[in-house]
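Listing of input.tsv, TSV, C-alpha atoms
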chain	number	residue	atom	x	y	z
A	1	LYS	CA	109.87	133.78	69.37
A	2	THR	CA	108.83	135.42	66.14
A	3	PRO	CA	107.54	139.01	66.61
A	4	GLN	CA	103.89	139.53	65.77
A	5	SER	CA	104.85	142.22	63.26
A	6	THR	CA	106.96	139.68	61.33
A	7	ILE	CA	104.11	137.19	61.33
A	8	ASP	CA	101.63	139.81	60.15
A	9	THR	CA	104.00	140.92	57.39
A	10	ARG	CA	104.46	137.35	56.20
A	11	VAL	CA	100.75	136.61	56.13
A	12	HIS	CA	100.10	139.91	54.34
A	13	LYS	CA	102.75	139.02	51.76
A	14	PHE	CA	101.11	135.69	50.99
A	15	GLU	CA	97.63	137.14	50.81
A	16	SER	CA	98.49	140.21	48.74
A	17	GLU	CA	100.72	138.80	45.99
A	18	THR	CA	99.08	138.09	42.64
A	19	ILE	CA	100.16	137.14	39.16
A	20	THR	CA	98.97	138.60	35.90
A	21	LEU	CA	97.49	135.27	34.76
A	22	MET	CA	94.74	135.30	37.37
A	23	SER	CA	94.09	136.37	40.96
A	24	LEU	CA	92.97	133.16	42.60
A	25	ARG	CA	92.42	134.70	46.00
A	26	ASN	CA	89.65	136.87	44.57
A	27	LEU	CA	87.52	133.88	43.58
A	28	SER	CA	84.69	133.62	46.10
A	29	PRO	CA	83.60	130.28	47.62
A	30	PRO	CA	80.29	130.23	45.68
A	31	LEU	CA	82.10	130.93	42.41
A	32	VAL	CA	84.71	128.22	43.03
A	33	THR	CA	81.99	125.75	43.99
A	34	LEU	CA	79.93	126.59	40.90
A	35	ALA	CA	82.97	126.20	38.66
A	36	GLY	CA	83.79	122.82	40.22
A	37	VAL	CA	80.24	121.52	39.88
A	38	ALA	CA	80.06	122.75	36.28
A	39	THR	CA	83.35	121.02	35.45
A	40	MET	CA	82.19	117.69	36.85
A	41	ALA	CA	78.71	117.96	35.33
A	42	GLY	CA	80.09	118.86	31.92
A	43	LEU	CA	82.77	116.17	31.87
A	44	PRO	CA	80.66	113.43	30.19
A	45	ALA	CA	79.54	115.78	27.40
A	46	LEU	CA	83.06	117.11	26.89
A	47	ASP	CA	84.40	113.57	26.77
A	48	ALA	CA	81.83	112.60	24.15
A	49	ILE	CA	82.93	115.49	21.95
A	50	LEU	CA	86.68	115.16	22.38
A	51	SER	CA	86.79	111.38	22.06
A	52	THR	CA	84.83	111.21	18.81
A	53	SER	CA	84.98	114.38	16.76
A	54	THR	CA	88.13	116.30	17.64
A	55	SER	CA	91.38	116.24	15.73
A	56	LEU	CA	94.59	115.01	17.34
A	57	ALA	CA	96.13	118.46	16.88
A	58	ALA	CA	93.28	120.05	18.83
A	59	LEU	CA	93.52	117.40	21.57
A	60	LYS	CA	97.23	118.10	21.97
A	61	CYS	CA	96.53	121.81	22.30
A	62	ILE	CA	93.81	121.18	24.88
A	63	ASN	CA	96.12	119.00	26.97
A	64	THR	CA	98.87	121.60	26.80
A	65	ALA	CA	96.57	124.48	27.74
A	66	ALA	CA	95.03	122.55	30.65
A	67	PHE	CA	98.43	121.63	32.03
A	68	ALA	CA	99.66	125.22	31.66
A	69	LEU	CA	96.62	126.41	33.62
A	70	ASN	CA	97.48	123.99	36.44
A	71	VAL	CA	101.13	125.03	36.55
A	72	GLY	CA	100.14	128.68	36.60
A	73	ALA	CA	97.61	128.18	39.38
A	74	VAL	CA	100.03	126.20	41.53
A	75	SER	CA	102.53	129.03	41.16
A	76	VAL	CA	100.21	131.61	42.71
A	77	PRO	CA	101.33	132.27	46.32
A	78	GLY	CA	99.02	132.49	49.31
A	79	ARG	CA	97.94	128.88	49.81
A	80	LEU	CA	97.87	127.46	53.31
A	81	ASP	CA	100.66	125.00	52.59
A	82	GLY	CA	102.78	127.87	51.33
A	83	GLN	CA	102.50	129.68	54.66
A	84	GLN	CA	103.45	126.52	56.51
A	85	ASP	CA	106.42	125.95	54.24
A	86	ASP	CA	107.62	129.49	54.84
A	87	GLU	CA	107.59	129.01	58.61
A	88	MET	CA	109.35	125.66	58.34
A	89	ARG	CA	112.07	127.13	56.10
A	90	ASP	CA	112.70	129.83	58.70
A	91	GLY	CA	113.20	127.12	61.31
A	92	GLU	CA	110.30	128.17	63.50
A	93	LEU	CA	108.93	124.62	63.57
A	94	ASN	CA	112.27	122.82	63.65
A	95	PRO	CA	112.73	121.27	67.09
A	96	SER	CA	116.47	120.88	66.45
A	97	LYS	CA	116.94	124.64	66.43
A	98	PRO	CA	117.21	126.19	69.91
A	99	ASP	CA	115.47	129.41	68.87
A	100	ALA	CA	112.52	127.66	67.25
A	101	SER	CA	109.18	128.55	68.78
A	102	GLY	CA	107.73	125.13	67.97
A	103	THR	CA	104.42	126.84	67.33
A	104	ALA	CA	103.02	127.61	63.91
A	105	SER	CA	101.50	131.06	63.58
A	106	SER	CA	99.34	130.31	60.56
A	107	VAL	CA	95.87	128.85	60.77
A	108	TYR	CA	97.00	125.79	58.84
A	109	GLY	CA	99.98	125.25	61.11
A	110	LYS	CA	97.88	125.36	64.26
A	111	ASN	CA	95.56	122.71	62.82
A	112	ARG	CA	98.46	120.28	62.47
A	113	SER	CA	98.40	119.52	66.19
A	114	ARG	CA	94.75	118.47	65.92
A	115	THR	CA	94.58	116.51	62.69
A	116	LEU	CA	95.57	112.84	62.65
A	117	VAL	CA	96.34	112.81	58.92
A	118	ASP	CA	99.44	114.95	58.59
A	119	PRO	CA	102.25	113.55	56.41
A	120	SER	CA	105.87	114.39	57.08
A	121	GLY	CA	107.36	117.05	54.83
A	122	TRP	CA	109.44	114.62	52.80
A	123	ALA	CA	106.25	113.15	51.31
A	124	PHE	CA	105.67	116.24	49.19
A	125	ALA	CA	108.84	115.60	47.20
A	126	ILE	CA	106.62	113.40	45.05
A	127	TRP	CA	105.34	116.51	43.27
A	128	GLY	CA	108.72	116.75	41.55
A	129	PRO	CA	108.50	113.52	39.53
A	130	ILE	CA	104.77	114.05	38.96
A	131	TYR	CA	105.19	117.42	37.29
A	132	LEU	CA	108.41	116.48	35.51
A	133	GLY	CA	106.74	113.36	34.15
A	134	GLU	CA	103.62	115.18	33.03
A	135	THR	CA	105.75	117.87	31.40
A	136	ALA	CA	107.63	115.15	29.53
A	137	PHE	CA	104.32	113.64	28.39
A	138	ILE	CA	103.04	117.00	27.15
A	139	ALA	CA	106.24	117.50	25.19
A	140	THR	CA	106.10	113.96	23.80
A	141	GLN	CA	102.51	114.26	22.60
A	142	LEU	CA	103.36	117.55	20.89
A	143	LEU	CA	106.52	116.34	19.18
A	144	SER	CA	105.63	112.77	18.25
A	145	SER	CA	102.79	110.34	17.64
A	146	HIS	CA	103.67	107.95	20.48
A	147	ALA	CA	100.74	109.09	22.63
A	148	ASP	CA	98.16	109.44	19.87
A	149	ALA	CA	96.30	106.26	20.84
A	150	VAL	CA	95.35	107.57	24.28
A	151	LEU	CA	94.65	111.22	23.48
A	152	PRO	CA	90.95	110.91	22.51
A	153	GLY	CA	90.09	109.11	25.74
A	154	MET	CA	92.23	111.14	28.13
A	155	ALA	CA	91.80	114.73	26.92
A	156	ALA	CA	88.50	115.52	28.66
A	157	PRO	CA	89.30	113.99	32.07
A	158	PHE	CA	92.82	115.42	31.98
A	159	ALA	CA	91.42	118.89	31.28
A	160	ALA	CA	88.90	118.45	34.11
A	161	ALA	CA	91.63	117.31	36.52
A	162	ASN	CA	93.72	120.39	35.79
A	163	ILE	CA	90.76	122.75	36.15
A	164	LEU	CA	89.72	121.18	39.45
A	165	GLN	CA	93.24	121.28	40.86
A	166	SER	CA	93.42	124.95	39.87
A	167	LEU	CA	90.18	125.51	41.79
A	168	TRP	CA	91.77	123.73	44.76
A	169	CYS	CA	94.57	126.30	44.57
A	170	ALA	CA	91.90	129.01	44.79
A	171	SER	CA	90.16	127.45	47.80
A	172	PHE	CA	93.07	126.18	49.90
A	173	ARG	CA	93.48	129.56	51.56
A	174	PRO	CA	92.98	131.02	55.05
A	175	SER	CA	89.74	132.77	54.12
A	176	TYR	CA	88.08	129.41	53.47
A	177	LEU	CA	88.82	127.88	56.88
A	178	GLY	CA	86.85	128.05	60.11
A	179	ASP	CA	83.12	127.68	60.60
A	180	GLY	CA	80.72	126.75	57.83
A	181	MET	CA	80.85	124.41	54.87
A	182	LYS	CA	83.25	126.49	52.78
A	183	LYS	CA	86.18	124.87	54.56
A	184	TYR	CA	85.37	121.63	52.71
A	185	ILE	CA	85.47	123.16	49.22
A	186	SER	CA	89.19	122.53	48.76
A	187	ALA	CA	88.85	118.86	49.71
A	188	SER	CA	85.96	118.45	47.26
A	189	MET	CA	88.08	119.95	44.47
A	190	LEU	CA	90.83	117.43	45.18
A	191	ALA	CA	88.30	114.59	45.20
A	192	GLY	CA	87.12	115.71	41.77
A	193	THR	CA	90.72	115.86	40.60
A	194	ALA	CA	91.32	112.29	41.78
A	195	TYR	CA	88.16	111.04	40.05
A	196	SER	CA	89.14	112.75	36.78
A	197	LEU	CA	92.62	111.25	36.91
A	198	SER	CA	91.09	107.81	37.46
A	199	LEU	CA	89.39	108.28	34.08
A	200	VAL	CA	92.78	109.11	32.55
A	201	LEU	CA	94.04	105.78	33.87
A	202	GLU	CA	90.98	104.02	32.43
A	203	ALA	CA	91.67	105.64	29.06
A	204	GLY	CA	95.26	104.42	29.23
A	205	ASN	CA	94.21	100.86	30.00
A	206	ALA	CA	91.69	100.93	27.15
A	207	ALA	CA	94.27	102.30	24.72
A	208	ALA	CA	96.79	99.63	25.71
A	209	ALA	CA	94.20	96.88	25.21
A	210	ALA	CA	93.13	98.18	21.81
A	211	ASN	CA	96.57	99.13	20.54
A	212	PRO	CA	99.47	96.91	21.62
A	213	ALA	CA	101.91	99.48	20.25
A	214	PHE	CA	100.84	102.04	22.87
A	215	GLN	CA	103.25	102.14	25.78
A	216	ALA	CA	101.11	102.44	28.91
A	217	TRP	CA	104.12	103.34	31.06
A	218	MET	CA	103.90	106.81	29.53
A	219	LEU	CA	100.98	107.46	31.85
A	220	THR	CA	103.01	106.67	34.99
A	221	PRO	CA	103.10	110.32	36.18
A	222	PHE	CA	99.32	110.56	35.85
A	223	VAL	CA	98.85	107.42	37.93
A	224	MET	CA	101.19	108.87	40.57
A	225	HIS	CA	99.18	112.08	40.44
A	226	PHE	CA	95.95	110.08	40.84
A	227	GLY	CA	97.33	108.25	43.85
A	228	TRP	CA	98.76	111.33	45.51
A	229	VAL	CA	95.62	113.46	45.21
A	230	SER	CA	93.58	110.51	46.47
A	231	ALA	CA	95.62	110.67	49.66
A	232	ALA	CA	95.76	114.47	49.63
A	233	THR	CA	91.97	114.62	49.58
A	234	LEU	CA	91.89	112.82	52.93
A	235	VAL	CA	94.70	115.01	54.32
A	236	ASN	CA	92.78	118.11	53.22
A	237	LEU	CA	89.49	116.83	54.64
A	238	ASN	CA	91.01	116.16	58.05
A	239	GLY	CA	92.74	119.52	58.08
A	240	SER	CA	89.50	121.26	57.19
A	241	LEU	CA	87.70	119.68	60.12
A	242	ALA	CA	90.61	120.52	62.42
A	243	SER	CA	90.29	124.19	61.41
A	244	ASP	CA	86.89	124.27	63.12
A	245	GLU	CA	87.62	125.02	66.76
A	246	THR	CA	84.28	123.51	67.76
A	247	ALA	CA	85.23	120.11	66.31
A	248	SER	CA	85.68	117.67	69.15
A	249	PRO	CA	88.82	115.53	69.49
A	250	ARG	CA	86.64	112.43	69.22
A	251	ALA	CA	85.28	113.62	65.86
A	252	LEU	CA	88.84	114.30	64.70
A	253	THR	CA	89.87	110.84	65.88
A	254	ALA	CA	86.99	109.12	64.09
A	255	LEU	CA	87.72	110.93	60.83
A	256	GLY	CA	91.45	110.31	61.12
A	257	HIS	CA	91.16	106.57	61.72
A	258	SER	CA	88.52	106.11	59.02
A	259	SER	CA	90.70	108.07	56.58
A	260	ALA	CA	93.65	105.72	57.20
A	261	LEU	CA	91.42	102.71	56.58
A	262	LEU	CA	89.89	104.27	53.46
A	263	ALA	CA	93.31	105.13	52.05
A	264	THR	CA	94.39	101.53	52.58
A	265	ALA	CA	91.23	100.21	50.93
A	266	LEU	CA	91.78	102.52	47.95
A	267	GLY	CA	95.42	101.53	47.66
A	268	VAL	CA	94.62	97.83	47.62
A	269	GLY	CA	91.34	97.98	45.68
A	270	VAL	CA	92.33	100.38	42.89
A	271	THR	CA	95.72	98.74	42.44
A	272	MET	CA	94.16	95.34	41.86
A	273	SER	CA	91.00	96.37	39.98
A	274	MET	CA	92.81	98.71	37.57
A	275	SER	CA	96.12	96.78	37.40
A	276	ALA	CA	97.94	99.88	38.61
A	277	PRO	CA	100.91	98.99	40.85
A	278	VAL	CA	102.15	102.60	40.65
A	279	TYR	CA	98.95	103.69	42.38
A	280	GLY	CA	99.57	101.24	45.20
A	281	VAL	CA	103.18	102.39	45.60
A	282	THR	CA	102.01	106.01	45.76
A	283	LEU	CA	99.45	105.23	48.47
A	284	ALA	CA	102.10	103.26	50.34
A	285	TRP	CA	104.35	106.34	50.18
A	286	ALA	CA	101.56	108.62	51.43
A	287	LEU	CA	100.58	106.33	54.30
A	288	ALA	CA	104.20	105.87	55.35
A	289	ALA	CA	104.53	109.66	55.46
A	290	CYS	CA	101.38	109.92	57.57
A	291	ALA	CA	102.73	107.31	59.97
A	292	SER	CA	105.95	109.29	60.23
A	293	GLY	CA	103.97	112.47	60.77
A	294	MET	CA	102.29	111.02	63.85
A	295	LYS	CA	105.71	110.48	65.42
A	296	GLN	CA	106.63	114.12	64.82
A	297	ARG	CA	103.36	115.86	65.69
A	298	LYS	CA	103.16	118.73	68.13
A	299	ALA	CA	100.92	118.41	71.17
A	300	ALA	CA	97.51	120.07	70.98
A	301	HIS	CA	97.23	123.37	72.83
A	302	SER	CA	94.46	122.01	75.05
A	303	GLU	CA	95.64	119.47	77.61
A	304	LYS	CA	92.18	117.89	77.60
A	305	ASP	CA	92.23	117.51	73.81
A	306	GLU	CA	95.78	116.18	73.82
A	307	LYS	CA	94.83	113.40	76.22
A	308	ILE	CA	92.50	112.02	73.54
A	309	LEU	CA	94.47	113.02	70.43
A	310	GLY	CA	97.80	111.85	71.81
A	311	ALA	CA	96.46	108.34	72.37
A	312	ALA	CA	94.70	108.42	69.00
A	313	ALA	CA	97.96	109.43	67.28
A	314	ASN	CA	99.64	106.26	68.51
A	315	VAL	CA	96.83	104.17	67.02
A	316	GLN	CA	96.93	106.24	63.83
A	317	HIS	CA	100.64	105.57	63.46
A	318	LYS	CA	100.01	101.83	63.52
A	319	LEU	CA	97.03	102.07	61.11
A	320	CYS	CA	99.01	104.10	58.58
A	321	LEU	CA	102.06	101.88	58.83
A	322	ALA	CA	99.98	98.73	58.34
A	323	GLY	CA	98.16	100.38	55.45
A	324	SER	CA	101.43	101.35	53.81
A	325	LEU	CA	102.69	97.77	54.00
A	326	ALA	CA	99.40	96.44	52.61
A	327	CYS	CA	99.46	98.85	49.66
A	328	GLY	CA	103.10	98.13	48.95
A	329	ALA	CA	102.57	94.37	49.04
A	330	THR	CA	99.55	94.66	46.74
A	331	ALA	CA	101.53	96.78	44.30
A	332	LEU	CA	104.33	94.20	44.23
A	333	TYR	CA	101.86	91.34	43.74
A	334	THR	CA	100.10	93.17	40.90
A	335	ALA	CA	103.35	94.07	39.18
A	336	LEU	CA	104.50	90.45	39.22
A	337	LEU	CA	101.27	89.08	37.73
Here is the file; what I need is its structure written in the form of structure tokens.
Amino acid sequence: KTPQSTIDTRVHKFESETITLMSLRNLSPPLVTLAGVATMAGLPALDAILSTSTSLAALKCINTAAFALNVGAVSVPGRLDGQQDDEMRDGELNPSKPDASGTASSVYGKNRSRTLVDPSGWAFAIWGPIYLGETAFIATQLLSSHADAVLPGMAAPFAAANILQSLWCASFRPSYLGDGMKKYISASMLAGTAYSLSLVLEAGNAAAAANPAFQAWMLTPFVMHFGWVSAATLVNLNGSLASDETASPRALTALGHSSALLATALGVGVTMSMSAPVYGVTLAWALAACASGMKQRKAAHSEKDEKILGAAANVQHKLCLAGSLACGATALYTALL
């Protein structure tokens, strides 16, 4: 069992470290909310300016700066998923290790036995190709003209997506969880990120239709990003509710099941309506990970809660697995059209 002093030291380490770029943990919930609302409200006006009266050189600089902001924000330690990852790396949550406690010490970790939308760890490997692909795009648009056709339409929503994901990094922290509405700020930032990335996909489709020379596959990492944060929004939302100790297991069950159905509907609907098989594959990946997560979940601390959540987890496994197959089949069908 991990000594309390070790746990306290680890939590203090995550909450005290900062980088010179910015100290995200010092951004208050009202400030983060205001920044998110301002970003979404200003997106149409920014898009009107960047898509009509801004030089390609300026657009390339804006894309690069926005992406750099995102990378910097993601690098700041102290997020809830960072604490969980630290405990998993130490083997405290690994059932195969005899000395593992099997109990997460962090707030986020404890919520994982209550939420029904909890993907297995392997799912997060998708961030690798997303960031590598977006880095390659940023380099390509700086060094060549291959992406010029899409830059006017994508610059504003891409900037908004990076700002909103940076605000998610500021709000996905222990101080935001618990009672009150502030626990939902992080999920709302991810939802805004997903919406903004959907506009990037729209810009790519429009550019491909207007300019046959434009290679739409260049936007593949952004479509993956769009799909993943769509799913991550639902993961975050369920985790936020689970952080409220007064939330009943029936409320958690209702949100979990409806999230699986919504993710499936998004995977099928967006894939077909926007001709985006990559989006469907990404949702299939996320739902498969959530199905796997239900097979690996830890029992809730309350025996009464576990009686309800344990049964609900079995149903959730089937819903996520069926949803994954539906999204995958839709992606294949769309790709073959």
Ser188 (chain A) environment, 10 Å, only C-alpha atoms, sequence neighbours closer than 2 positions dropped, as a list in words: Thr33, Gly36, Val37, Leu164, Leu167, Trp168, Ser171, Lys183, Tyr184, Ile185, Ser186, Leu190, Ala191, Gly192, Thr193, Ala194, Thr233, Leu234, Asn236 and Leu237 of chain A
Just how far from CA of Ala291 (chain A) is CA of Asn238 (chain A), in Å to one decimal?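 A separation of 14.8 Å between them.
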How far is it from CA of Ser275 (chain A) to CA of Ala288 (chain A), in Å with one decimal? 21.7 Å
Quick one: residues within 12 Å of region 138-148 of chain A, all atoms listed in the file counted, chain neighbours fewer than 2 positions away excluded, as a ChimeraX atom specification? /A:51,55-68,131-136,150-155,158,203-204,207-208,211-219,221-222
Using only C-alpha atoms, pick whichever of A:Leu283, A:Leu46, A:Leu321, A:Ala149 has the shortest atom-to-atom distance to Lys295 (chain A).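 Looking at the shortest contact to Lys295 (chain A), the residue is A:Leu321.
By only C-alpha atoms, and with residues fewer than 3 positions from region 115-124 of chain A along its chain excluded, the set lying at most 7 Å from it is A:Asn111, A:Arg112, A:Trp127, A:Val235, A:Asn238, A:Gly239, A:Ala242, A:Leu252, A:Thr253, A:Gly256, A:Ala286, A:Ala289, A:Cys290, A:Ser292, A:Gly293, A:Ala313, A:Gln316.
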Please return as a PyMOL selection string every residue within 12 Å of (83.4, 133.3, 45.6), taking into account only C-alpha atoms and the file's own coordinates. chain A and resi 24-36+167+170-171+175-176+182+185
The selected residues should be written to file as a PDB file, in the frame of the given file (atoms: C-alpha atoms).
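Saved as selection24.pdb:
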ATOM      1  CA  LEU A  24      92.970 133.160  42.600  1.00  0.00           C
ATOM      2  CA  ARG A  25      92.420 134.700  46.000  1.00  0.00           C
ATOM      3  CA  ASN A  26      89.650 136.870  44.570  1.00  0.00           C
ATOM      4  CA  LEU A  27      87.520 133.880  43.580  1.00  0.00           C
ATOM      5  CA  SER A  28      84.690 133.620  46.100  1.00  0.00           C
ATOM      6  CA  PRO A  29      83.600 130.280  47.620  1.00  0.00           C
ATOM      7  CA  PRO A  30      80.290 130.230  45.680  1.00  0.00           C
ATOM      8  CA  LEU A  31      82.100 130.930  42.410  1.00  0.00           C
ATOM      9  CA  VAL A  32      84.710 128.220  43.030  1.00  0.00           C
ATOM     10  CA  THR A  33      81.990 125.750  43.990  1.00  0.00           C
ATOM     11  CA  LEU A  34      79.930 126.590  40.900  1.00  0.00           C
ATOM     12  CA  ALA A  35      82.970 126.200  38.660  1.00  0.00           C
ATOM     13  CA  GLY A  36      83.790 122.820  40.220  1.00  0.00           C
ATOM     14  CA  LEU A 167      90.180 125.510  41.790  1.00  0.00           C
ATOM     15  CA  ALA A 170      91.900 129.010  44.790  1.00  0.00           C
ATOM     16  CA  SER A 171      90.160 127.450  47.800  1.00  0.00           C
ATOM     17  CA  SER A 175      89.740 132.770  54.120  1.00  0.00           C
ATOM     18  CA  TYR A 176      88.080 129.410  53.470  1.00  0.00           C
ATOM     19  CA  LYS A 182      83.250 126.490  52.780  1.00  0.00           C
ATOM     20  CA  ILE A 185      85.470 123.160  49.220  1.00  0.00           C
TER      21      ILE A 185
END
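Remark: for Thr54 (chain A), the closest of the candidate residues A:Leu261, A:Ala161, A:Ala156, A:Cys320 is A:Ala156 (distances computed over all atoms listed in the file).
Nearest to Gln165 (chain A) of all the residues A:Leu241, A:Ala232, A:Leu287, A:Ala41 is A:Ala232, counting only C-alpha atoms.
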Using all atoms listed in the file, what residues lie at most 6 Å away from (93.8, 98.0, 54.2) (file coordinates), given as JSON, numbers by chain? {"A": [261, 264, 265, 323]}
I need the residues from that last selection saved to file as a short mmCIF file (atom, residue, chain, number, x, y, z; two decimals), in the coordinates of the input (with C-alpha atoms), if you can.
data_model
loop_
_atom_site.label_atom_id
_atom_site.label_comp_id
_atom_site.auth_asym_id
_atom_site.auth_seq_id
_atom_site.Cartn_x
_atom_site.Cartn_y
_atom_site.Cartn_z
CA LEU A 261 91.42 102.71 56.58
CA THR A 264 94.39 101.53 52.58
CA ALA A 265 91.23 100.21 50.93
CA GLY A 323 98.16 100.38 55.45
#
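The spacing separating CA of Ser75 (chain A) from CA of Phe172 (chain A) amounts to 13.2 Å.
Considering the residues A:Ser113, A:Ala329, A:Val281, A:Ser324 and counting all atoms listed in the file, Glu303 (chain A) has its shortest atom-to-atom contact with A:Ser113.
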Calculated over all atoms listed in the file, which of the candidates A:Gly328, A:Pro157, A:Pro249, A:Gly72 has the smallest distance to Leu201 (chain A)?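 Nearest candidate to Leu201 (chain A) out of A:Gly328, A:Pro157, A:Pro249, A:Gly72: A:Pro157.
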Counting all atoms listed in the file, the residue of A:Ala251, A:Leu262, A:Ala73, A:Val268 that sits nearest Ile308 (chain A):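 Of the candidates, the smallest distance to Ile308 (chain A) is held by A:Ala251.
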